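Engineer: I am sharing final.txt, which consists of compact mmCIF, C-alpha atoms:
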# COMPACT_ATOMS: atom_id res chain seq x y z
CA LEU A 27 3.83 39.22 -32.06
CA THR A 28 0.49 40.90 -32.59
CA HIS A 29 -1.20 37.87 -34.14
CA TRP A 30 -0.10 34.77 -32.27
CA PRO A 31 -1.53 31.43 -33.41
CA ALA A 32 -3.40 29.71 -30.59
CA CYS A 33 -1.94 26.35 -31.56
CA LEU A 34 1.65 27.43 -30.76
CA GLN A 35 3.38 27.39 -27.37
CA ILE A 36 6.62 29.17 -26.47
CA PHE A 37 9.53 27.56 -24.66
CA THR A 38 12.42 29.94 -23.98
CA PHE A 39 16.01 29.55 -23.01
CA ALA A 40 19.10 31.72 -23.17
CA THR A 41 22.83 31.24 -23.45
CA SER A 42 23.74 34.81 -22.49
CA ALA A 43 22.14 38.06 -21.41
CA LYS A 44 21.69 39.26 -25.02
CA ASP A 45 21.04 35.99 -26.75
CA PHE A 46 17.55 34.58 -26.34
CA ARG A 47 16.32 31.67 -28.38
CA PHE A 48 12.78 30.43 -28.59
CA CYS A 49 11.38 27.02 -29.45
CA PHE A 50 7.91 26.85 -30.93
CA ARG A 51 5.86 23.72 -30.51
CA GLU A 52 3.11 22.93 -32.97
CA SER A 53 1.43 19.50 -32.84
CA GLY A 54 4.35 18.14 -30.82
CA SER A 55 7.19 19.22 -33.20
CA ILE A 56 10.10 21.30 -31.92
CA ILE A 57 11.17 24.13 -34.24
CA PRO A 58 14.00 26.42 -33.06
CA ALA A 59 13.06 29.95 -34.02
CA GLY A 60 16.51 31.53 -34.05
CA ARG A 61 17.52 34.89 -32.59
CA TYR A 62 15.04 37.73 -32.29
CA ASN A 63 15.54 41.41 -31.40
CA TRP A 64 12.48 41.43 -29.19
CA CYS A 65 12.25 43.73 -26.18
CA VAL A 66 12.61 41.92 -22.87
CA SER A 67 11.43 43.78 -19.81
CA SER A 68 13.74 41.97 -17.40
CA HIS A 69 16.01 38.96 -17.33
CA VAL A 70 18.83 37.33 -15.42
CA PRO A 71 22.00 36.57 -17.41
CA LEU A 72 22.84 32.92 -17.91
CA ALA A 73 26.22 31.29 -18.26
CA SER A 74 27.07 29.43 -21.42
CA ASN A 75 26.64 26.14 -19.60
CA PRO A 76 23.02 25.13 -20.30
CA SER A 77 22.75 23.28 -17.00
CA GLU A 78 23.14 26.53 -15.05
CA LYS A 79 20.27 28.74 -14.00
CA MET A 80 17.72 29.84 -16.63
CA ASP A 81 16.50 33.38 -17.06
CA LYS A 82 13.93 34.36 -14.49
CA GLN A 83 11.56 36.42 -16.62
CA HIS A 84 10.84 36.36 -20.35
CA LEU A 85 8.12 38.99 -20.70
CA LEU A 86 7.55 40.04 -24.29
CA SER A 87 6.58 43.67 -24.90
CA ASP A 88 4.05 45.03 -27.34
CA GLN A 89 6.76 46.60 -29.52
CA ASP A 90 8.29 43.45 -30.95
CA ASP A 91 9.86 44.00 -34.35
CA PRO A 92 7.43 42.54 -36.91
CA SER A 93 10.23 42.35 -39.48
CA ALA A 94 12.23 39.88 -37.41
CA SER A 95 12.99 36.69 -39.27
CA PHE A 96 14.56 33.32 -38.61
CA ALA A 97 18.31 33.57 -38.38
CA SER A 98 19.03 29.89 -37.92
CA THR A 99 17.38 26.62 -38.88
CA GLN A 100 19.76 24.29 -37.02
CA GLN A 101 17.87 21.80 -34.85
CA TYR A 102 18.50 21.73 -31.14
CA PRO A 103 20.94 18.94 -30.13
CA GLY A 104 19.30 15.72 -29.01
CA VAL A 105 15.77 16.72 -30.04
CA ALA A 106 14.05 15.40 -33.12
CA GLY A 107 10.74 13.92 -34.05
CA ALA A 108 7.22 14.65 -32.94
CA ASP A 109 7.55 13.00 -29.56
CA ALA A 110 10.43 15.09 -28.28
CA MET A 111 8.14 17.27 -26.17
CA GLY A 112 4.77 15.97 -27.23
CA SER A 113 2.02 14.58 -25.06
CA SER A 114 3.58 11.13 -24.93
CA GLN A 115 6.71 12.52 -23.24
CA PRO A 116 5.72 15.77 -21.47
CA MET A 117 8.21 17.89 -19.62
CA ASP A 118 8.77 16.88 -16.00
CA SER A 119 7.02 13.60 -16.74
CA GLY A 120 9.82 11.51 -15.27
CA ALA A 121 10.02 9.46 -18.47
CA THR A 122 12.49 6.60 -18.33
CA ALA A 123 13.90 7.05 -21.84
CA PRO A 124 13.65 9.30 -24.88
CA PRO A 125 11.23 8.29 -27.65
CA ALA A 126 12.22 5.08 -29.44
CA ASP A 127 12.75 6.83 -32.77
CA LEU A 128 15.65 8.77 -31.23
CA MET A 129 17.44 5.62 -30.11
CA ASP A 130 20.26 3.85 -31.94
CA ARG A 131 19.46 0.74 -33.91
CA VAL A 132 20.69 -2.36 -32.09
CA PRO A 133 20.79 -5.57 -34.18
CA GLY A 134 18.49 -8.21 -32.74
CA TYR A 135 16.36 -5.72 -30.80
CA GLU A 136 14.28 -4.17 -33.57
CA GLY A 137 10.92 -5.41 -32.25
CA MET A 138 11.10 -4.32 -28.63
CA GLY A 139 7.92 -3.65 -26.67
CA ALA A 140 5.92 -6.45 -28.32
CA GLY A 141 5.52 -8.46 -25.10
CA ASP A 142 7.47 -11.38 -23.68
CA LEU A 143 10.19 -12.86 -25.85
CA PRO A 144 9.85 -16.54 -26.82
CA PRO A 145 12.51 -18.78 -25.27
CA PRO A 146 15.03 -20.53 -27.55
CA TYR A 147 13.59 -24.03 -27.19
CA PRO A 148 14.80 -26.42 -29.90
CA GLY A 149 11.44 -28.17 -29.77
CA PRO A 150 8.46 -28.94 -27.50
CA PRO A 151 9.67 -29.92 -24.01
CA GLN A 152 9.31 -33.52 -22.93
CA PRO A 153 9.29 -34.93 -19.39
CA GLU A 154 12.31 -36.92 -18.34
CA GLY A 155 12.49 -40.08 -16.26
CA ILE A 156 9.70 -42.54 -15.60
CA THR A 157 6.05 -41.97 -14.87
CA PRO A 158 5.63 -41.47 -11.10
CA ARG A 159 3.58 -43.98 -9.16
CA SER A 160 1.15 -43.07 -6.47
CA PRO A 161 2.18 -44.40 -3.06
CA ASP A 162 0.51 -47.48 -1.65
CA ARG A 163 -1.19 -46.34 1.52
CA GLU A 164 -4.51 -45.96 3.27
CA TRP A 165 -6.53 -43.17 1.68
CA GLN A 166 -8.94 -42.67 4.56
CA ILE A 167 -8.63 -40.31 7.52
CA PRO A 168 -10.80 -41.14 10.50
CA SER A 169 -13.30 -38.48 11.49
CA ILE A 170 -12.61 -36.38 14.55
CA GLY A 171 -14.22 -37.26 17.87
CA GLU A 172 -16.92 -35.39 19.72
CA GLU A 173 -14.42 -33.74 22.04
CA GLN A 174 -12.41 -32.29 19.15
CA ALA A 175 -15.56 -31.19 17.35
CA LYS A 176 -16.78 -29.39 20.47
CA GLU A 177 -13.44 -27.65 21.06
CA ALA A 178 -13.34 -26.46 17.45
CA LEU A 179 -16.86 -25.02 17.68
CA LEU A 180 -16.13 -23.34 21.03
CA GLU A 181 -13.04 -21.63 19.59
CA TYR A 182 -15.07 -20.47 16.60
CA VAL A 183 -17.91 -19.10 18.73
CA SER A 184 -15.46 -17.30 21.04
CA SER A 185 -14.14 -15.36 18.04
CA LYS A 186 -17.64 -14.03 17.29
CA CYS A 187 -18.86 -11.20 19.48
CA CYS A 188 -22.51 -11.87 18.62
CA TYR A 189 -22.54 -15.64 19.28
CA SER A 190 -23.61 -17.15 22.58
CA LYS A 191 -21.69 -20.11 24.02
CA LYS A 192 -24.84 -21.71 25.42
CA PRO A 193 -25.49 -24.05 22.47
CA VAL A 194 -21.91 -25.36 22.71
CA GLU A 195 -22.34 -26.11 26.41
CA GLU A 196 -25.75 -27.78 26.02
CA MET A 197 -25.46 -29.41 22.59
CA ILE A 198 -26.10 -33.13 22.07
CA PHE A 199 -24.22 -34.80 19.19
CA SER A 200 -26.33 -36.93 16.91
CA ASP A 201 -23.93 -37.79 14.05
CA LEU A 202 -20.37 -37.12 12.85
CA GLN A 203 -19.77 -37.88 9.18
CA SER A 204 -16.34 -38.02 7.55
CA HIS A 205 -15.95 -36.73 3.97
CA ASN A 206 -12.56 -37.34 2.38
CA THR A 207 -11.82 -34.53 -0.08
CA PHE A 208 -8.82 -34.67 -2.39
CA ARG A 209 -7.07 -31.58 -3.74
CA TYR A 210 -4.70 -31.76 -6.69
CA SER A 211 -2.20 -28.93 -7.25
CA LEU A 212 0.22 -28.30 -10.10
CA GLU A 213 2.80 -25.52 -9.77
CA THR A 214 4.73 -24.45 -12.85
CA PHE A 215 7.64 -22.13 -12.14
CA THR A 216 8.37 -20.07 -15.25
CA GLU A 217 10.83 -17.42 -16.38
CA SER A 218 9.85 -14.77 -18.92
CA ARG A 219 11.96 -12.00 -20.44
CA SER A 220 11.13 -8.68 -22.07
CA THR A 221 13.17 -5.69 -23.23
CA GLU A 222 12.63 -1.95 -23.46
CA TRP A 223 14.64 1.24 -23.66
CA ALA A 224 15.56 2.83 -20.34
CA SER A 225 17.81 5.62 -19.16
CA VAL A 226 19.54 7.12 -16.14
CA PRO A 227 21.15 10.55 -15.71
CA TYR A 228 24.59 10.55 -17.31
CA THR A 229 27.29 11.18 -14.72
CA GLY A 230 30.31 9.83 -16.56
CA GLN A 231 29.46 6.13 -16.65
CA VAL A 232 31.16 3.84 -19.15
CA VAL A 233 29.44 3.87 -22.55
CA ASP A 234 29.74 0.45 -24.19
CA GLY A 235 27.43 0.79 -27.18
CA TYR A 236 30.28 0.46 -29.68
CA MET A 237 32.47 -2.04 -27.82
CA GLY A 238 30.92 -5.17 -29.27
CA ALA A 239 27.77 -6.93 -30.37
CA ALA A 240 24.86 -6.99 -27.95
CA PRO A 241 24.00 -10.50 -26.69
CA GLY A 242 20.54 -11.91 -27.20
CA PRO A 243 18.02 -11.51 -24.37
CA TRP A 244 18.11 -15.24 -23.58
CA ASP A 245 21.93 -15.39 -23.80
CA ILE A 246 22.41 -13.27 -20.67
CA ALA A 247 22.96 -15.33 -17.52
CA VAL A 248 20.70 -14.18 -14.69
CA PRO A 249 20.77 -16.13 -11.38
CA VAL A 250 17.48 -17.87 -10.63
CA PRO A 251 15.98 -17.00 -7.21
CA ALA A 252 14.24 -19.46 -4.89
CA MET A 253 11.98 -21.87 -6.72
CA PHE A 254 8.20 -21.39 -6.75
CA GLN A 255 8.40 -17.79 -5.52
CA ASP A 256 7.49 -14.79 -7.66
CA ASN A 257 10.35 -12.42 -8.34
CA THR A 258 11.49 -9.74 -10.80
CA LYS A 259 14.93 -8.50 -11.75
CA GLU A 260 16.05 -5.79 -14.18
CA VAL A 261 19.51 -5.80 -15.76
CA PRO A 262 21.08 -3.62 -18.49
CA ILE A 263 22.01 -5.44 -21.69
CA PRO A 264 25.74 -5.07 -22.48
CA HIS A 265 26.86 -3.09 -25.55
CA THR A 266 23.59 -1.15 -25.94
CA SER A 267 24.34 2.09 -24.05
CA SER A 268 24.76 5.53 -25.56
CA VAL A 269 24.57 9.14 -24.39
CA LYS A 270 21.62 11.27 -25.51
CA GLY A 271 20.49 14.79 -24.74
CA CYS A 272 17.64 14.88 -22.26
CA HIS A 273 14.36 14.95 -24.19
CA SER A 274 12.41 16.48 -21.30
CA CYS A 275 14.47 19.66 -20.81
CA LEU A 276 16.21 19.92 -24.21
CA THR A 277 19.57 19.26 -22.49
CA LEU A 278 19.23 22.38 -20.30
CA GLY A 279 19.07 20.44 -17.05
CA ARG A 280 16.15 22.57 -15.91
CA SER A 281 12.48 22.67 -16.83
CA PRO A 282 10.20 25.73 -16.86
CA CYS A 283 8.07 26.12 -13.77
CA ARG A 284 4.46 25.69 -14.80
CA ARG A 285 3.04 27.38 -11.74
CA CYS A 286 4.65 30.78 -12.37
CA VAL A 287 5.21 30.29 -16.14
CA THR A 288 8.98 30.94 -15.71
CA SER A 289 8.45 34.38 -14.11
CA GLY A 290 9.46 33.29 -10.62
CA ARG A 291 6.50 35.11 -9.09
CA ILE A 292 2.84 34.29 -8.56
CA GLN A 293 -0.25 36.22 -7.57
CA CYS A 294 -0.56 37.03 -3.89
CA SER A 295 -3.21 34.81 -2.35
CA LEU A 296 -4.06 37.33 0.37
CA CYS A 297 -4.92 40.34 -1.79
CA ASN A 298 -5.58 38.39 -5.02
CA GLY A 299 -2.99 40.47 -6.86
CA VAL A 300 -4.53 43.86 -6.03
CA GLY A 301 -1.75 44.94 -3.66
CA ARG A 302 -4.15 46.20 -1.01
CA PHE A 303 -5.91 44.38 1.78
CA ASN A 304 -8.56 45.94 4.07
CA ASP A 305 -7.95 49.40 2.59
CA SER A 306 -4.23 49.27 3.33
CA ARG A 307 -1.13 48.01 1.64
CA CYS A 308 -0.89 44.23 1.63
CA LEU A 309 1.91 43.22 3.96
CA HIS A 310 2.20 39.77 2.42
CA CYS A 311 3.38 41.07 -0.95
CA ASN A 312 4.43 44.59 0.11
CA GLY A 313 1.79 46.03 -2.18
CA THR A 314 3.18 44.48 -5.37
CA GLY A 315 0.38 41.97 -5.80
CA GLN A 316 2.91 39.19 -6.39
CA VAL A 317 5.00 36.92 -4.20
CA ARG A 318 7.84 34.55 -4.86
CA CYS A 319 6.82 31.27 -6.41
CA THR A 320 7.13 28.53 -3.80
CA SER A 321 7.26 25.77 -6.38
CA CYS A 322 10.56 26.90 -7.93
CA SER A 323 11.80 29.17 -5.09
CA GLY A 324 11.52 32.17 -7.41
CA GLN A 325 13.93 30.83 -10.04
CA GLY A 326 11.33 30.33 -12.77
CA SER A 327 12.60 26.84 -13.45
CA LYS A 328 13.13 23.56 -11.64
CA ILE A 329 15.67 20.79 -11.87
CA CYS A 330 14.61 18.37 -14.59
CA LYS A 331 13.19 15.22 -13.05
CA THR A 332 14.34 13.05 -15.94
CA CYS A 333 18.05 13.91 -16.04
CA GLN A 334 18.33 15.28 -12.49
CA GLY A 335 19.88 18.48 -13.82
CA LYS A 336 22.63 16.76 -15.84
CA GLY A 337 21.19 17.57 -19.27
CA GLN A 338 22.26 14.18 -20.64
CA LEU A 339 20.98 10.62 -20.31
CA LEU A 340 22.73 7.29 -20.51
CA CYS A 341 20.32 5.26 -22.61
CA PHE A 342 20.42 1.47 -22.76
CA ILE A 343 18.21 -1.53 -23.37
CA LYS A 344 16.84 -2.92 -20.13
CA LEU A 345 16.15 -6.62 -19.72
CA THR A 346 13.30 -7.46 -17.36
CA VAL A 347 13.27 -11.02 -16.06
CA LYS A 348 10.13 -12.23 -14.29
CA TRP A 349 9.81 -15.46 -12.37
CA LYS A 350 6.26 -16.55 -11.64
CA ASN A 351 4.73 -19.52 -9.87
CA ASN A 352 1.66 -20.52 -11.88
CA LEU A 353 -0.80 -22.57 -9.83
CA PHE A 354 -3.52 -24.97 -10.97
CA GLN A 355 -5.78 -26.52 -8.34
CA SER A 356 -8.66 -28.92 -8.52
CA VAL A 357 -10.79 -30.14 -5.62
CA VAL A 358 -12.85 -33.31 -5.85
CA ASP A 359 -16.14 -32.23 -4.34
CA LYS A 360 -17.74 -35.08 -2.37
CA GLN A 361 -21.00 -33.15 -1.97
CA SER A 362 -20.47 -32.72 1.74
CA GLY A 363 -22.29 -29.39 1.74
CA LEU A 364 -19.22 -27.34 2.61
CA PRO A 365 -18.53 -24.57 0.05
CA VAL A 366 -15.48 -25.66 -1.95
CA ASP A 367 -13.93 -22.18 -1.88
CA ARG A 368 -13.46 -22.55 1.90
CA LEU A 369 -10.83 -25.23 1.29
CA SER A 370 -8.37 -22.74 -0.22
CA GLN A 371 -7.80 -21.35 3.28
CA VAL A 372 -6.65 -24.62 4.87
CA THR A 373 -4.04 -27.31 4.41
CA GLY A 374 -4.39 -31.06 4.31
CA GLU A 375 -2.26 -34.16 4.58
CA THR A 376 0.10 -34.59 1.62
CA LEU A 377 -0.41 -38.01 0.07
CA PHE A 378 1.72 -37.58 -3.03
CA SER A 379 4.36 -35.13 -4.26
CA ASP A 380 6.42 -35.08 -7.47
CA MET A 381 8.87 -32.34 -8.53
CA GLN A 382 10.75 -32.37 -11.85
CA PRO A 383 11.70 -29.95 -14.64
CA LEU A 384 8.65 -31.37 -16.42
CA VAL A 385 6.25 -33.78 -14.73
CA TYR A 386 4.15 -36.60 -16.08
CA PRO A 387 0.41 -36.64 -15.34
CA VAL A 388 -0.71 -38.81 -12.43
CA VAL A 389 -2.29 -42.00 -13.81
CA SER A 390 -2.72 -44.46 -10.95
CA PHE A 391 -4.54 -42.58 -8.22
CA PRO A 392 -7.54 -44.50 -6.81
CA ASP A 393 -9.90 -41.57 -7.46
CA ASN A 394 -10.01 -41.20 -11.24
CA ALA A 395 -11.12 -37.57 -10.94
CA ILE A 396 -7.61 -36.74 -9.70
CA ASN A 397 -6.03 -38.53 -12.67
CA GLN A 398 -8.19 -36.52 -15.07
CA ALA A 399 -7.40 -33.25 -13.29
CA SER A 400 -3.67 -34.00 -13.46
CA GLU A 401 -3.73 -34.81 -17.15
CA LYS A 402 -5.66 -31.61 -17.89
CA ALA A 403 -3.36 -29.42 -15.77
CA VAL A 404 -0.11 -30.75 -17.21
CA ARG A 405 -1.36 -30.44 -20.78
CA GLU A 406 -2.68 -26.89 -20.27
CA HIS A 407 0.43 -25.57 -18.51
CA GLN A 408 2.91 -26.99 -20.98
CA ALA A 409 0.89 -25.71 -23.94
CA LYS A 410 0.32 -22.29 -22.37
CA PHE A 411 3.84 -21.50 -21.21
CA PHE A 412 5.97 -23.23 -23.82
CA SER A 413 5.72 -20.43 -26.40
CA THR A 414 6.15 -17.46 -24.05
CA CYS A 415 8.18 -18.63 -21.05
CA ARG A 416 10.91 -20.98 -20.01
CA ILE A 417 9.61 -23.69 -17.70
CA LEU A 418 12.18 -24.13 -14.95
CA GLN A 419 10.43 -26.56 -12.60
CA GLN A 420 7.09 -28.24 -12.02
CA ARG A 421 5.66 -29.67 -8.83
CA GLN A 422 2.43 -31.61 -8.38
CA THR A 423 0.89 -32.65 -5.08
CA ILE A 424 -2.20 -34.49 -3.89
CA GLU A 425 -3.62 -33.60 -0.49
CA LEU A 426 -6.31 -35.24 1.56
CA ILE A 427 -8.33 -32.56 3.33
CA PRO A 428 -10.34 -33.90 6.27
CA ILE A 429 -13.91 -32.68 6.48
CA THR A 430 -16.27 -33.70 9.26
CA ARG A 431 -19.95 -32.88 9.03
CA VAL A 432 -21.33 -32.55 12.56
CA HIS A 433 -25.02 -32.94 13.39
CA TYR A 434 -26.16 -31.83 16.84
CA THR A 435 -29.36 -31.03 18.72
CA TRP A 436 -30.09 -28.00 20.87
CA LYS A 437 -33.54 -27.16 22.26
CA GLU A 438 -35.03 -30.03 20.26
CA GLU A 439 -33.78 -28.61 16.96
CA THR A 440 -31.09 -30.16 14.77
CA HIS A 441 -28.23 -28.06 13.44
CA ILE A 442 -25.13 -28.69 11.31
CA TYR A 443 -21.60 -27.35 11.21
CA PHE A 444 -18.38 -28.42 9.51
CA VAL A 445 -14.88 -28.95 10.89
CA TYR A 446 -12.37 -28.97 8.04
CA GLY A 447 -8.66 -28.83 7.29
CA ALA A 448 -5.67 -29.70 9.42
CA GLU A 449 -6.32 -26.44 11.29
CA HIS A 450 -9.83 -27.61 12.35
CA ARG A 451 -11.57 -24.57 10.92
CA VAL A 452 -15.34 -24.31 11.46
CA TYR A 453 -18.06 -23.30 9.03
CA THR A 454 -21.74 -22.89 9.89
CA ASN A 455 -24.55 -20.81 8.47
CA ASP A 456 -27.30 -21.63 11.00
CA TYR A 457 -25.82 -21.14 14.45
CA PRO A 458 -28.87 -21.06 16.73
CA ALA A 459 -27.87 -18.46 19.35
CA LYS A 460 -26.87 -15.05 18.06
CA CYS A 461 -27.40 -11.94 20.16
CA CYS A 462 -30.18 -9.50 19.37
CA CYS A 463 -27.94 -6.90 17.73
CA CYS A 464 -26.69 -9.50 15.25
CA SER A 465 -30.23 -10.70 14.53
CA ILE A 466 -31.34 -7.13 13.79
CA LEU A 467 -28.42 -6.65 11.39
Here is the file; what I need is its structure written in the form of structure tokens.
Structural biologist:
Amino acid sequence: LTHWPACLQIFTFATSAKDFRFCFRESGSIIPAGRYNWCVSSHVPLASNPSEKMDKQHLLSDQDDPSASFASTQQYPGVAGADAMGSSQPMDSGATAPPADLMDRVPGYEGMGAGDLPPPYPGPPQPEGITPRSPDREWQIPSIGEEQAKEALLEYVSSKCCYSKKPVEEMIFSDLQSHNTFRYSLETFTESRSTEWASVPYTGQVVDGYMGAAPGPWDIAVPVPAMFQDNTKEVPIPHTSSVKGCHSCLTLGRSPCRRCVTSGRIQCSLCNGVGRFNDSRCLHCNGTGQVRCTSCSGQGSKICKTCQGKGQLLCFIKLTVKWKNNLFQSVVDKQSGLPVDRLSQVTGETLFSDMQPLVYPVVSFPDNAINQASEKAVREHQAKFFSTCRILQQRQTIELIPITRVHYTWKEETHIYFVYGAEHRVYTNDYPAKCCCCSIL
């Protein structure tokens, strides 16, 4: 070819020593070019089995017959459409399935890839049972004593390399204030399902695409894992499998090596292809200027990553089931001065807990802010997840998180720190004795 269009790329394969076929790619379309009587400088014969080794070198000479014409217009098996080897499914890309337009039509699965599938609810879900009552109990937690407050601060200071323990040893308590802080939590455990085409190398597995009708995505029984823990499971949908030619390697089982462009040899890195190094023959390439390609071990091609050298794929519709624990939390801020985000790191005392498939909002808690937070959370979760997920279980809890605001004096100056949570965590932003290196920083 003396005038080769820049927009075309050549992909070569052979079925025998004298039978070379070329595929041209233009804008992603595969067009078999038939048999040509072009001169080939060297080649390695291939067996008729396309999964066996490809020819090592396809070097076209300058004396190609310009009168050569297409001898065949039959399309290559298993390849059709613009995406067969286009940018969306490049060779050696490890794609999970051929392009969707090559797949069989499965009734009920025409709109795959459009997100999560709506569950088959007959109508809006409604809570069952009676409205839960809040327990009758004392809602106050006494503040910690001076000894506990001092121990908590000492443990905190000991964990800081730049803090001196002297203020803890010499401090004088002036006031300990208790701030009861309530935290409401709603957990909604949901199940969502989605479908997409997938594939695995075909090694003789059972093909069930024509053995019956495919069940709907929500008709397939999938065991539910532990409640309120995120999880994902993928299962093949029965009666959707079929065998297709590998779209990445055109059913050859091998893909051209991009590093050596199917020649099996690359330029010597020592002599840069000259063949001589330091005015003598290059010993690395024996003066040839080329060495064996390390990427393909000199074969000019590599095992296809998509079909693992099999040349065929078992294609099926994959069902992805996701279980997710969706959490809503609301903290009633009592203006204690402690940053509210610190409370997410600690636990409190559970005052109330209710777990049902669908819960009612809390209505009788003494602090009305908790009642309002519960009503908002239940309404938002049920409206948000009803159309896209299946709600399996809900759990709402109310915790009382103890917070003690400690005022103390050291060197005639007053300072404040907080002891919060069941773990007695400490927060302070004005500790009076930090070492010099920390002060400089």
Engineer: Mind giving me the straight-line distance from CA of Pro365 in chain A to CA of His433 in chain A in Å, one decimal?
Structural biologist: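 A separation of 17.0 Å between them.
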Engineer: Mind giving me the straight-line distance from CA of Phe342 in chain A to CA of Thr266 in chain A in Å, one decimal?
Structural biologist: 5.2 Å
Engineer: List the spatial neighbours of Glu222 in chain A as a PyMOL selection string - criterion: any atom at most 7 Å away, only C-alpha atoms, same-chain residues fewer than 6 positions off excluded.
Structural biologist: chain A and resi 138-139+343-345
Engineer: By how many Å are CA of Arg451 in chain A and CA of Val432 in chain A apart?
Structural biologist: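 We find that CA of Arg451 in chain A and CA of Val432 in chain A lie 12.7 Å from each other.
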Engineer: Could you produce a table of the residues of range 300-372 of chain A lying within 8 Å of range 208-216 of chain A, with the nearest pair of atoms per residue and their separation in Å rounded to one decimal, using all atoms listed in the file, ordered by chain and increasing residue number, as CSV?
Structural biologist:
residue,atom,partner,partner_atom,distance
A:Trp349,CA,A:Thr216,CA,5.6
A:Lys350,CA,A:Thr216,CA,5.5
A:Asn351,CA,A:Phe215,CA,4.5
A:Asn352,CA,A:Thr214,CA,5.1
A:Leu353,CA,A:Glu213,CA,4.7
A:Phe354,CA,A:Leu212,CA,5.1
A:Gln355,CA,A:Ser211,CA,4.5
A:Ser356,CA,A:Tyr210,CA,5.2
A:Val357,CA,A:Arg209,CA,4.4
A:Val358,CA,A:Phe208,CA,5.5
A:Asp359,CA,A:Phe208,CA,8.0
Engineer: List the neighbours of Pro383 in chain A out to 6 Å using only C-alpha atoms; skip same-chain residues closer than 5 positions along the sequence, and give me the result as a PyMOL selection string.
Structural biologist: chain A and resi 418-420
Engineer: Ranking A:Ala239, A:Leu309, A:Leu278, A:Val248 by minimum distance to Gly337 in chain A and counting only C-alpha atoms, which one comes first?
Structural biologist: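 Under the stated criterion, the closest residue is A:Leu278.
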Engineer: Near Tyr434 in chain A, within 7 Å and counting all atoms listed in the file, which residues show up once chain neighbours fewer than 3 positions away are dropped, as a PDB file with C-alpha atoms, in the coordinates of the input?
Structural biologist:
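Written output follows (selection-v7.pdb):
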ATOM      1  CA  MET A 197     -25.460 -29.410  22.590  1.00  0.00           C
ATOM      2  CA  ILE A 198     -26.100 -33.130  22.070  1.00  0.00           C
ATOM      3  CA  PHE A 199     -24.220 -34.800  19.190  1.00  0.00           C
ATOM      4  CA  SER A 200     -26.330 -36.930  16.910  1.00  0.00           C
ATOM      5  CA  ASP A 201     -23.930 -37.790  14.050  1.00  0.00           C
ATOM      6  CA  THR A 440     -31.090 -30.160  14.770  1.00  0.00           C
ATOM      7  CA  HIS A 441     -28.230 -28.060  13.440  1.00  0.00           C
ATOM      8  CA  ILE A 442     -25.130 -28.690  11.310  1.00  0.00           C
TER       9      ILE A 442
END
Engineer: I'd like to know which of A:Val317, A:Val445, A:Leu179, A:Ala247 is closest to Val300 in chain A, using all atoms listed in the file.
Structural biologist: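 Closest residue, counting all atoms listed in the file: A:Val317.
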Engineer: With only C-alpha atoms as the basis for distance, which of A:Ser184, A:Ser225, A:Asn298, A:Thr346 is at the shortest distance from Ile246 in chain A?
Structural biologist: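 Of the candidates, the smallest distance to Ile246 in chain A is held by A:Thr346.
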Engineer: Identify which of the residues A:Ala123, A:Val183, A:Ile417, A:Leu384 lies closest to Val404 in chain A, counting all atoms listed in the file when measuring atom-to-atom distances.
Structural biologist: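 Checking each of A:Ala123, A:Val183, A:Ile417, A:Leu384 against Val404 in chain A, counting all atoms listed in the file, the winner is A:Leu384.
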Engineer: Measuring between only C-alpha atoms, which one of A:Phe254, A:Trp244, A:Tyr443, A:Tyr135 shows the shortest distance to Asn455 in chain A?
Structural biologist: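 Checking each of A:Phe254, A:Trp244, A:Tyr443, A:Tyr135 against Asn455 in chain A, counting only C-alpha atoms, the winner is A:Tyr443.
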Engineer: Could you pull range 374-381 of chain A out of the block above and give me N, CA and C atoms, as an mmCIF file, in the first residue's frame?
Structural biologist:
data_model
loop_
_atom_site.group_PDB
_atom_site.id
_atom_site.type_symbol
_atom_site.label_atom_id
_atom_site.label_comp_id
_atom_site.auth_asym_id
_atom_site.auth_seq_id
_atom_site.Cartn_x
_atom_site.Cartn_y
_atom_site.Cartn_z
ATOM 1 N N GLY A 374 -23.024 6.487 74.444
ATOM 2 C CA GLY A 374 -23.739 6.953 75.623
ATOM 3 C C GLY A 374 -24.547 5.833 76.230
ATOM 4 N N GLU A 375 -25.436 6.188 77.118
ATOM 5 C CA GLU A 375 -26.318 5.213 77.746
ATOM 6 C C GLU A 375 -27.608 5.134 76.941
ATOM 7 N N THR A 376 -27.972 3.932 76.499
ATOM 8 C CA THR A 376 -29.176 3.756 75.698
ATOM 9 C C THR A 376 -30.408 3.855 76.582
ATOM 10 N N LEU A 377 -31.252 4.836 76.284
ATOM 11 C CA LEU A 377 -32.479 5.043 77.033
ATOM 12 C C LEU A 377 -33.677 4.381 76.366
ATOM 13 N N PHE A 378 -33.618 4.245 75.051
ATOM 14 C CA PHE A 378 -34.772 3.740 74.317
ATOM 15 C C PHE A 378 -34.286 3.083 73.033
ATOM 16 N N SER A 379 -34.886 1.940 72.694
ATOM 17 C CA SER A 379 -34.539 1.239 71.462
ATOM 18 C C SER A 379 -35.783 0.559 70.916
ATOM 19 N N ASP A 380 -35.979 0.660 69.598
ATOM 20 C CA ASP A 380 -37.148 0.070 68.939
ATOM 21 C C ASP A 380 -36.703 -0.449 67.576
ATOM 22 N N MET A 381 -36.937 -1.740 67.297
ATOM 23 C CA MET A 381 -36.541 -2.338 66.024
ATOM 24 C C MET A 381 -37.742 -3.065 65.432
#
